[in-house]
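Q: Below you'll find target-v3.txt; it's compact mmCIF, C-alpha atoms and all ligand atoms.
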# COMPACT_ATOMS: atom_id res chain seq x y z
CA MET A 996 -50.42 -25.22 98.65
CA LYS A 997 -53.00 -25.04 95.82
CA SER A 998 -51.87 -25.66 92.25
CA VAL A 999 -52.99 -25.62 88.63
CA ILE A 1000 -51.56 -27.32 85.56
CA ALA A 1001 -50.01 -24.92 83.05
CA ALA A 1002 -48.67 -25.62 79.57
CA ASP A 1003 -46.59 -23.65 77.09
CA LEU A 1004 -47.00 -24.99 73.54
CA GLY A 1005 -44.30 -23.64 71.23
CA GLY A 1006 -43.06 -24.43 67.76
CA THR A 1007 -39.84 -26.05 68.99
CA LYS A 1008 -40.66 -27.35 72.46
CA CYS A 1009 -43.59 -27.66 74.83
CA ARG A 1010 -43.57 -27.52 78.63
CA VAL A 1011 -46.17 -28.79 81.05
CA ALA A 1012 -45.87 -28.07 84.78
CA LEU A 1013 -47.69 -27.44 88.03
CA VAL A 1014 -47.81 -23.78 89.11
CA THR A 1015 -48.47 -23.11 92.78
CA GLU A 1016 -50.47 -20.12 94.05
CA ASP A 1017 -47.21 -18.45 95.12
CA GLN A 1018 -46.09 -18.58 91.43
CA ARG A 1019 -43.61 -21.45 91.69
CA VAL A 1020 -43.20 -23.72 88.66
CA VAL A 1021 -42.75 -27.32 89.82
CA ALA A 1022 -42.69 -30.80 88.29
CA ALA A 1023 -41.99 -29.30 84.86
CA GLN A 1024 -41.68 -31.59 81.86
CA ARG A 1025 -40.48 -30.78 78.39
CA ILE A 1026 -41.32 -32.43 75.09
CA ASN A 1027 -40.08 -31.61 71.63
CA THR A 1028 -42.72 -30.36 69.19
CA SER A 1029 -43.39 -32.73 66.30
CA ARG A 1030 -45.14 -31.50 63.14
CA ASP A 1031 -47.07 -34.81 63.07
CA ARG A 1032 -50.23 -34.75 65.20
CA ALA A 1033 -50.25 -38.56 65.55
CA VAL A 1034 -46.82 -38.32 67.23
CA PHE A 1035 -47.31 -35.03 69.05
CA LEU A 1036 -50.70 -35.46 70.71
CA PRO A 1037 -49.96 -38.73 72.59
CA ALA A 1038 -46.72 -37.19 73.94
CA LEU A 1039 -48.60 -34.07 75.06
CA ASP A 1040 -51.39 -36.13 76.66
CA ALA A 1041 -48.78 -38.15 78.57
CA ALA A 1042 -47.21 -34.94 79.90
CA PHE A 1043 -50.61 -33.62 81.08
CA ALA A 1044 -51.43 -36.97 82.71
CA ALA A 1045 -48.08 -36.96 84.53
CA ALA A 1046 -48.73 -33.41 85.80
CA LEU A 1047 -52.18 -34.45 87.05
CA LEU A 1048 -50.63 -37.28 89.07
CA ALA A 1049 -47.53 -35.42 90.29
CA ARG A 1050 -47.55 -34.73 94.04
CA PRO A 1051 -44.53 -32.61 94.97
CA ASP A 1052 -44.16 -32.06 98.75
CA GLY A 1053 -46.80 -29.72 100.12
CA VAL A 1054 -48.58 -29.22 96.77
CA GLU A 1055 -52.27 -30.10 96.44
CA ALA A 1056 -53.76 -31.80 93.37
CA PRO A 1057 -54.31 -29.31 90.53
CA SER A 1058 -57.76 -27.70 90.31
CA ALA A 1059 -57.69 -26.46 86.69
CA VAL A 1060 -55.54 -26.41 83.58
CA GLY A 1061 -54.38 -23.49 81.43
CA VAL A 1062 -52.64 -23.61 78.07
CA GLY A 1063 -50.69 -20.85 76.35
CA THR A 1064 -50.19 -21.76 72.71
CA ALA A 1065 -48.63 -20.33 69.59
CA GLY A 1066 -51.18 -19.43 66.93
CA VAL A 1067 -54.69 -18.03 66.64
CA ILE A 1068 -57.50 -19.15 68.94
CA THR A 1069 -61.18 -19.07 67.96
CA ALA A 1070 -63.32 -16.18 69.16
CA ASP A 1071 -65.00 -18.42 71.78
CA GLY A 1072 -61.56 -19.25 73.25
CA LEU A 1073 -62.07 -23.02 73.00
CA THR A 1074 -60.25 -24.15 69.85
CA ILE A 1075 -56.83 -23.62 68.27
CA GLU A 1076 -57.87 -22.26 64.90
CA ARG A 1077 -54.50 -22.01 63.19
CA ALA A 1078 -50.99 -22.57 64.52
CA PRO A 1079 -48.34 -22.41 61.78
CA ASN A 1080 -45.68 -24.09 63.95
CA LEU A 1081 -47.82 -26.75 65.70
CA PRO A 1082 -49.81 -29.74 64.29
CA LEU A 1083 -52.99 -28.53 66.02
CA ASP A 1084 -55.01 -26.53 63.45
CA GLN A 1085 -58.77 -26.70 64.23
CA PHE A 1086 -58.09 -28.64 67.46
CA ALA A 1087 -60.74 -28.33 70.22
CA MET A 1088 -58.18 -28.10 73.02
CA VAL A 1089 -60.49 -27.02 75.88
CA ARG A 1090 -62.93 -29.89 75.29
CA HIS A 1091 -60.00 -32.33 74.91
CA LEU A 1092 -58.49 -31.27 78.25
CA ARG A 1093 -61.84 -31.39 80.06
CA GLU A 1094 -62.42 -34.91 78.75
CA THR A 1095 -58.93 -36.30 79.36
CA LEU A 1096 -58.13 -34.58 82.68
CA GLY A 1097 -61.58 -33.92 84.13
CA LEU A 1098 -60.62 -30.33 85.00
CA PRO A 1099 -61.88 -26.90 83.94
CA ALA A 1100 -59.60 -25.68 81.14
CA ALA A 1101 -58.56 -22.35 79.63
CA LEU A 1102 -56.77 -21.65 76.35
CA MET A 1103 -54.81 -18.49 75.59
CA ASN A 1104 -52.52 -17.22 72.84
CA ASP A 1105 -48.89 -17.60 74.02
CA GLY A 1106 -48.01 -13.94 73.52
CA ARG A 1107 -50.89 -12.90 75.78
CA ALA A 1108 -50.00 -15.59 78.33
CA CYS A 1109 -46.40 -14.37 78.34
CA ALA A 1110 -47.49 -10.76 78.87
CA MET A 1111 -49.75 -11.81 81.76
CA GLY A 1112 -46.79 -13.58 83.37
CA GLU A 1113 -44.52 -10.55 82.96
CA TYR A 1114 -47.22 -8.17 84.23
CA ALA A 1115 -47.70 -10.34 87.32
CA VAL A 1116 -44.12 -11.11 88.37
CA GLY A 1117 -41.59 -9.58 85.93
CA ASP A 1118 -39.43 -6.44 86.05
CA ALA A 1119 -42.26 -4.65 84.22
CA ARG A 1120 -44.77 -5.65 86.91
CA GLY A 1121 -47.76 -3.31 86.86
CA ALA A 1122 -46.56 -1.26 83.83
CA ASP A 1123 -49.70 -0.39 81.85
CA PRO A 1124 -49.99 -0.59 78.90
CA LEU A 1125 -47.36 -3.32 78.75
CA LEU A 1126 -46.06 -4.55 75.40
CA CYS A 1127 -44.36 -7.95 75.36
CA LEU A 1128 -42.58 -9.09 72.20
CA PHE A 1129 -41.43 -12.64 72.15
CA PHE A 1130 -38.94 -13.64 69.45
CA GLY A 1131 -38.99 -17.45 69.44
CA THR A 1132 -39.60 -19.90 66.59
CA GLY A 1133 -42.23 -17.40 65.55
CA ILE A 1134 -43.04 -13.96 66.98
CA GLY A 1135 -45.49 -13.65 69.84
CA ILE A 1136 -46.97 -10.39 71.10
CA GLY A 1137 -48.90 -9.62 74.21
CA LEU A 1138 -50.43 -6.27 75.07
CA ILE A 1139 -51.81 -5.64 78.54
CA VAL A 1140 -54.29 -2.76 78.78
CA GLY A 1141 -56.05 -1.94 82.02
CA GLY A 1142 -54.54 -5.05 83.63
CA ARG A 1143 -56.03 -7.40 81.06
CA PRO A 1144 -54.65 -8.87 77.82
CA HIS A 1145 -56.01 -7.09 74.74
CA ALA A 1146 -57.63 -9.81 72.61
CA GLY A 1147 -59.42 -7.82 69.91
CA ALA A 1148 -63.03 -8.23 68.75
CA ASP A 1149 -62.52 -11.88 67.72
CA ASN A 1150 -59.67 -13.03 69.96
CA ALA A 1151 -57.22 -12.53 67.09
CA ALA A 1152 -55.41 -9.24 67.91
CA GLY A 1153 -51.68 -8.88 68.06
CA GLU A 1154 -50.23 -11.12 65.33
CA ILE A 1155 -47.66 -8.47 64.49
CA GLY A 1156 -45.21 -11.09 63.18
CA HIS A 1157 -47.64 -11.57 60.33
CA THR A 1158 -47.77 -7.94 59.28
CA ILE A 1159 -45.70 -6.96 56.26
CA PHE A 1160 -42.01 -6.00 56.40
CA VAL A 1161 -41.11 -6.50 52.70
CA PRO A 1162 -44.06 -6.40 50.24
CA GLY A 1163 -43.83 -9.54 48.08
CA GLY A 1164 -40.84 -10.81 50.08
CA ARG A 1165 -39.93 -14.19 51.61
CA THR A 1166 -42.66 -16.74 52.26
CA CYS A 1167 -43.68 -16.82 55.94
CA PRO A 1168 -44.53 -20.09 57.77
CA CYS A 1169 -48.17 -18.87 57.62
CA GLY A 1170 -48.02 -18.75 53.79
CA GLY A 1171 -48.06 -14.95 53.50
CA LEU A 1172 -45.31 -13.00 51.73
CA GLY A 1173 -42.75 -10.69 53.34
CA HIS A 1174 -44.01 -10.90 56.93
CA PHE A 1175 -41.74 -9.85 59.82
CA GLU A 1176 -41.62 -13.45 61.03
CA ALA A 1177 -40.06 -14.51 57.71
CA TYR A 1178 -37.03 -12.34 58.61
CA CYS A 1179 -36.70 -12.33 62.40
CA GLY A 1180 -38.54 -15.48 63.53
CA GLY A 1181 -36.12 -18.12 64.79
CA ARG A 1182 -37.20 -20.69 62.24
CA ALA A 1183 -36.72 -18.24 59.37
CA ILE A 1184 -33.27 -17.15 60.60
CA GLN A 1185 -32.21 -20.79 60.85
CA GLU A 1186 -33.49 -21.56 57.33
CA ARG A 1187 -31.78 -18.53 55.84
CA LEU A 1188 -28.46 -19.32 57.54
CA ARG A 1189 -28.67 -22.88 56.25
CA ASP A 1190 -29.34 -21.59 52.74
CA ALA A 1191 -26.42 -19.18 52.97
CA LEU A 1192 -23.87 -21.50 54.58
CA GLY A 1193 -25.02 -25.08 54.14
CA PRO A 1194 -25.71 -27.40 57.11
CA SER A 1195 -23.62 -26.48 60.12
CA PRO A 1196 -22.04 -28.97 62.53
CA ASP A 1197 -22.77 -26.42 65.27
CA ALA A 1198 -26.10 -27.45 66.77
CA SER A 1199 -26.70 -24.02 68.30
CA MET A 1200 -27.84 -21.67 65.58
CA TRP A 1201 -27.88 -18.75 67.98
CA SER A 1202 -24.20 -19.01 68.83
CA LEU A 1203 -23.70 -19.45 65.10
CA ALA A 1204 -25.70 -16.33 64.35
CA ASN A 1205 -23.75 -14.46 67.00
CA ALA A 1206 -20.40 -15.56 65.66
CA LEU A 1207 -21.40 -14.74 62.13
CA ALA A 1208 -22.49 -11.21 62.93
CA THR A 1209 -18.89 -10.27 62.31
CA GLY A 1210 -18.19 -13.17 59.94
CA ARG A 1211 -18.91 -14.11 56.34
CA GLY A 1212 -20.91 -11.78 54.13
CA GLU A 1213 -23.88 -14.04 53.34
CA ALA A 1214 -24.54 -14.80 56.99
CA ARG A 1215 -24.09 -11.20 57.96
CA VAL A 1216 -26.87 -10.19 55.57
CA VAL A 1217 -29.19 -12.70 57.28
CA VAL A 1218 -28.27 -11.46 60.75
CA GLU A 1219 -28.60 -7.77 59.83
CA ASP A 1220 -31.96 -8.43 58.14
CA ALA A 1221 -33.14 -10.11 61.35
CA VAL A 1222 -32.00 -7.18 63.51
CA MET A 1223 -33.69 -4.65 61.22
CA ALA A 1224 -36.93 -6.62 61.04
CA ALA A 1225 -37.08 -7.06 64.83
CA ALA A 1226 -36.26 -3.38 65.41
CA VAL A 1227 -38.83 -2.06 62.90
CA CYS A 1228 -41.48 -4.45 64.25
CA THR A 1229 -40.90 -3.21 67.80
CA ALA A 1230 -40.76 0.48 66.82
CA ASN A 1231 -44.02 0.20 64.88
CA ALA A 1232 -45.71 -1.50 67.83
CA CYS A 1233 -44.43 1.22 70.22
CA THR A 1234 -45.75 4.01 67.99
CA LEU A 1235 -49.09 2.23 67.66
CA PHE A 1236 -49.62 1.37 71.35
CA ASN A 1237 -47.59 3.92 73.38
CA PRO A 1238 -46.67 1.33 76.05
CA ARG A 1239 -45.24 2.28 79.47
CA ALA A 1240 -42.81 -0.64 79.22
CA VAL A 1241 -41.60 -3.13 76.63
CA VAL A 1242 -40.45 -6.63 77.56
CA LEU A 1243 -38.26 -8.34 74.97
CA GLY A 1244 -38.05 -12.10 75.37
CA GLY A 1245 -38.05 -15.45 73.62
CA GLY A 1246 -35.37 -17.92 72.59
CA VAL A 1247 -33.72 -15.65 70.03
CA VAL A 1248 -33.27 -12.77 72.50
CA GLU A 1249 -32.13 -15.07 75.33
CA ALA A 1250 -29.43 -16.64 73.20
CA TRP A 1251 -28.48 -13.42 71.44
CA PRO A 1252 -28.73 -10.54 73.98
CA GLU A 1253 -27.21 -8.00 71.59
CA LEU A 1254 -30.48 -8.12 69.68
CA ALA A 1255 -32.42 -6.54 72.57
CA ALA A 1256 -29.87 -3.72 72.88
CA ARG A 1257 -30.05 -2.99 69.15
CA ILE A 1258 -33.86 -3.02 69.16
CA GLU A 1259 -33.95 -0.52 72.03
CA ALA A 1260 -31.39 1.77 70.35
CA PHE A 1261 -33.46 1.76 67.15
CA VAL A 1262 -36.73 2.52 68.95
CA ARG A 1263 -35.15 5.40 70.91
CA ALA A 1264 -33.67 6.84 67.69
CA GLN A 1265 -36.75 6.43 65.48
CA CYS A 1266 -39.87 6.86 67.61
CA SER A 1267 -41.11 10.25 68.76
CA PRO A 1268 -40.12 11.63 72.20
CA ALA A 1269 -43.76 11.34 73.29
CA ILE A 1270 -43.41 7.58 72.89
CA THR A 1271 -39.87 7.12 74.25
CA ARG A 1272 -39.60 9.71 77.06
CA LYS A 1273 -40.93 7.49 79.82
CA LEU A 1274 -40.63 4.17 78.01
CA ARG A 1275 -38.78 1.42 79.88
CA PHE A 1276 -37.22 -1.65 78.26
CA CYS A 1277 -37.19 -4.69 80.52
CA ASP A 1278 -35.61 -8.10 80.27
CA SER A 1279 -37.99 -10.99 80.45
CA LYS A 1280 -37.63 -11.72 84.16
CA ALA A 1281 -40.06 -14.59 84.10
CA GLY A 1282 -38.05 -15.80 81.11
CA SER A 1283 -39.07 -19.18 79.82
CA ASP A 1284 -41.60 -19.45 82.67
CA ALA A 1285 -43.62 -16.38 81.60
CA ILE A 1286 -46.04 -18.32 79.39
CA LEU A 1287 -46.53 -20.96 82.10
CA LEU A 1288 -47.28 -18.26 84.70
CA GLY A 1289 -49.76 -16.52 82.37
CA ALA A 1290 -51.42 -19.83 81.48
CA ALA A 1291 -51.67 -20.56 85.22
CA ALA A 1292 -53.42 -17.20 85.78
CA ALA A 1293 -55.94 -18.11 83.05
CA ALA A 1294 -56.44 -21.53 84.66
CA ARG A 1295 -57.15 -19.95 88.08
CA ASP A 1296 -59.72 -17.62 86.42
CA VAL A 1297 -61.54 -20.46 84.73
CA GLY A 1298 -61.27 -22.59 87.90
CA LEU A 1299 -62.98 -19.85 89.92
CA ARG A 1300 -65.82 -19.65 87.37
CA ALA A 1301 -66.29 -23.44 87.17
ZN ZN B 1401 -46.86 -14.78 58.39
Please rewrite the model in this file as structure tokens.

A:
Amino acid sequence: MKSVIAADLGGTKCRVALVTEDQRVVAAQRINTSRDRAVFLPALDAAFAAALLARPDGVEAPSAVGVGTAGVITADGLTIERAPNLPLDQFAMVRHLRETLGLPAALMNDGRACAMGEYAVGDARGADPLLCLFFGTGIGIGLIVGGRPHAGADNAAGEIGHTIFVPGGRTCPCGGLGHFEAYCGGRAIQERLRDALGPSPDASMWSLANALATGRGEARVVVEDAVMAAAVCTANACTLFNPRAVVLGGGVVEAWPELAARIEAFVRAQCSPAITRKLRFCDSKAGSDAILLGAAAAARDVGLRA
């Protein structure tokens, strides 16, 4: 069975795996994301090297590598231009992978990679246009139009988490003020809960957030702000793009399923019937593997062209 290496680089964790041509994720490794490049890059290189050498039963050596990453990628698709939650600003990832692994390499924004994975194997398979909103450490978006991810004129389309929710509001990890991500990104929710409640002995902020939805006033404000920001963000995107289906995924939604239900209820109440009549909301079936599967699709593309 043929394989490619696929990676999902996120603000909290990164995964590197082999993906077979029948869409199985094997030999997956996970590393925690450090904000220090001198710590992070050697750990990432080690994970890629291990994937290159892995030989699960019946799986051939990988023929290409694909990376789905948080952040903005340069117009030529070769370099991570800016990634607020990763220590890889201005990093020439494609050249680095070609040099260290000796394989053709592809680089894709994680929201687009996720949407490609959902479009290929998820419950929203084949829905076009397909809007995928990914509430993780930050907010990823992927829009599939005509079977392809919409990248914009300069490979920078879709950063809806960095559009404005509250003019002049909280500082976003990107440095802007009042962006959606500063209210419903996982990192922002965690920071605001910590500010409201002090450090918690509960390591799982999502179970904390869930418990506090009916709990103390300060935390409830944080949780309700997050719900409203996520709902408005999704409704605005639906009105703008008129998708056939919406996939809601990411760590925040997985750990806090009520959020997806409240987002859908808001969209159905607030958007016009022309938008909502045939609109389907789908769970992220590919789940945490969606970015890997999309990155693998990009790797196969670049492998075929090499
Ligand atoms: Zn921002």

Q: Need to verify the contact set: region 1221-1225 of chain A, 6 Å, only C-alpha atoms, exclusion of same-chain residues closer than 6 positions in sequence. Can you return it as a short mmCIF file (atom, residue, chain, number, x, y, z; two decimals) with C-alpha atoms, in the frame of the given file?

A:
data_model
loop_
_atom_site.label_atom_id
_atom_site.label_comp_id
_atom_site.auth_asym_id
_atom_site.auth_seq_id
_atom_site.Cartn_x
_atom_site.Cartn_y
_atom_site.Cartn_z
CA PHE A 1175 -41.74 -9.85 59.82
CA TYR A 1178 -37.03 -12.34 58.61
CA CYS A 1179 -36.70 -12.33 62.40
#

Q: If you count all atoms listed in the file, which residues end up within 7 Å of ligand ZN 1401 (chain B), as an NGL selection string?

A: :A and (1156-1158 or 1167-1171 or 1174 or 1176-1177)

Q: The selected residues should be written to file as a PDB file, in the frame of the given file (atoms: C-alpha atoms).

A:
ATOM      1  CA  GLY A1156     -45.210 -11.090  63.180  1.00  0.00           C
ATOM      2  CA  HIS A1157     -47.640 -11.570  60.330  1.00  0.00           C
ATOM      3  CA  THR A1158     -47.770  -7.940  59.280  1.00  0.00           C
ATOM      4  CA  CYS A1167     -43.680 -16.820  55.940  1.00  0.00           C
ATOM      5  CA  PRO A1168     -44.530 -20.090  57.770  1.00  0.00           C
ATOM      6  CA  CYS A1169     -48.170 -18.870  57.620  1.00  0.00           C
ATOM      7  CA  GLY A1170     -48.020 -18.750  53.790  1.00  0.00           C
ATOM      8  CA  GLY A1171     -48.060 -14.950  53.500  1.00  0.00           C
ATOM      9  CA  HIS A1174     -44.010 -10.900  56.930  1.00  0.00           C
ATOM     10  CA  GLU A1176     -41.620 -13.450  61.030  1.00  0.00           C
ATOM     11  CA  ALA A1177     -40.060 -14.510  57.710  1.00  0.00           C
TER      12      ALA A1177
END

Q: Select, from A:Asp1123, A:Glu1154, A:Glu1253, A:Glu1213, the residue with the minimum atom-to-atom distance to Ile1136 (chain A), counting all atoms listed in the file.

A: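 For Ile1136 (chain A), the nearest of the given residues is A:Glu1154.
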
Q: With 12 Å as the cut-off and all atoms listed in the file counted, what is the closest atom pair between each nearby residue of region 1245-1299 of chain A and region 1180-1185 of chain A? Distances in Å to one decimal, ordered by chain and number, as a tab-separated table.

A:
residue	atom	partner	partner_atom	distance
A:Gly1245	CA	A:Gly1181	CA	9.4
A:Gly1246	CA	A:Gly1181	CA	7.8
A:Val1247	CA	A:Gly1181	CA	6.3
A:Val1248	CA	A:Gly1181	CA	9.8
A:Glu1249	CA	A:Gly1181	CA	11.7
A:Ala1250	CA	A:Gly1181	CA	10.8
A:Trp1251	CA	A:Gly1181	CA	11.2

Q: Fewer than 2 positions away in the same chain doesn't count, so skip those; otherwise give me all residues within 10 Å of Thr1007 (chain A), counting only C-alpha atoms, as a list of chain:residue names.

A: A:Leu1004, A:Gly1005, A:Cys1009, A:Ile1026, A:Asn1027, A:Thr1028, A:Ser1029, A:Arg1030, A:Asn1080, A:Leu1081, A:Gly1131, A:Thr1132, A:Gly1133, A:Gly1181, A:Arg1182, A:Gly1246

Q: Taking only C-alpha atoms, show region 1039-1066 of chain A of the given structure as a PDB file, in the first residue's frame.

A:
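File produced: out-v7.pdb:
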ATOM      1  CA  LEU A1039       9.376  18.232  14.763  1.00  0.00           C
ATOM      2  CA  ASP A1040      12.330  17.079  12.640  1.00  0.00           C
ATOM      3  CA  ALA A1041      12.639  13.944  14.793  1.00  0.00           C
ATOM      4  CA  ALA A1042       8.948  13.155  14.250  1.00  0.00           C
ATOM      5  CA  PHE A1043       9.299  13.548  10.452  1.00  0.00           C
ATOM      6  CA  ALA A1044      12.428  11.374  10.445  1.00  0.00           C
ATOM      7  CA  ALA A1045      10.628   8.673  12.427  1.00  0.00           C
ATOM      8  CA  ALA A1046       7.706   8.748   9.960  1.00  0.00           C
ATOM      9  CA  LEU A1047      10.128   8.410   7.036  1.00  0.00           C
ATOM     10  CA  LEU A1048      11.638   5.282   8.590  1.00  0.00           C
ATOM     11  CA  ALA A1049       8.401   3.731   9.893  1.00  0.00           C
ATOM     12  CA  ARG A1050       7.405   0.541   8.051  1.00  0.00           C
ATOM     13  CA  PRO A1051       4.011  -0.651   9.290  1.00  0.00           C
ATOM     14  CA  ASP A1052       2.955  -4.034   7.813  1.00  0.00           C
ATOM     15  CA  GLY A1053       2.030  -3.764   4.149  1.00  0.00           C
ATOM     16  CA  VAL A1054       2.807  -0.027   3.884  1.00  0.00           C
ATOM     17  CA  GLU A1055       5.375   1.184   1.345  1.00  0.00           C
ATOM     18  CA  ALA A1056       7.902   3.946   2.075  1.00  0.00           C
ATOM     19  CA  PRO A1057       6.295   7.407   1.803  1.00  0.00           C
ATOM     20  CA  SER A1058       6.575   9.156  -1.571  1.00  0.00           C
ATOM     21  CA  ALA A1059       5.847  12.763  -0.516  1.00  0.00           C
ATOM     22  CA  VAL A1060       5.111  14.909   2.509  1.00  0.00           C
ATOM     23  CA  GLY A1061       2.236  17.321   3.174  1.00  0.00           C
ATOM     24  CA  VAL A1062       1.876  19.772   6.037  1.00  0.00           C
ATOM     25  CA  GLY A1063      -1.281  21.496   7.250  1.00  0.00           C
ATOM     26  CA  THR A1064      -0.338  24.369   9.518  1.00  0.00           C
ATOM     27  CA  ALA A1065      -1.997  27.109  11.514  1.00  0.00           C
ATOM     28  CA  GLY A1066      -1.273  30.581  10.169  1.00  0.00           C
TER      29      GLY A1066
END
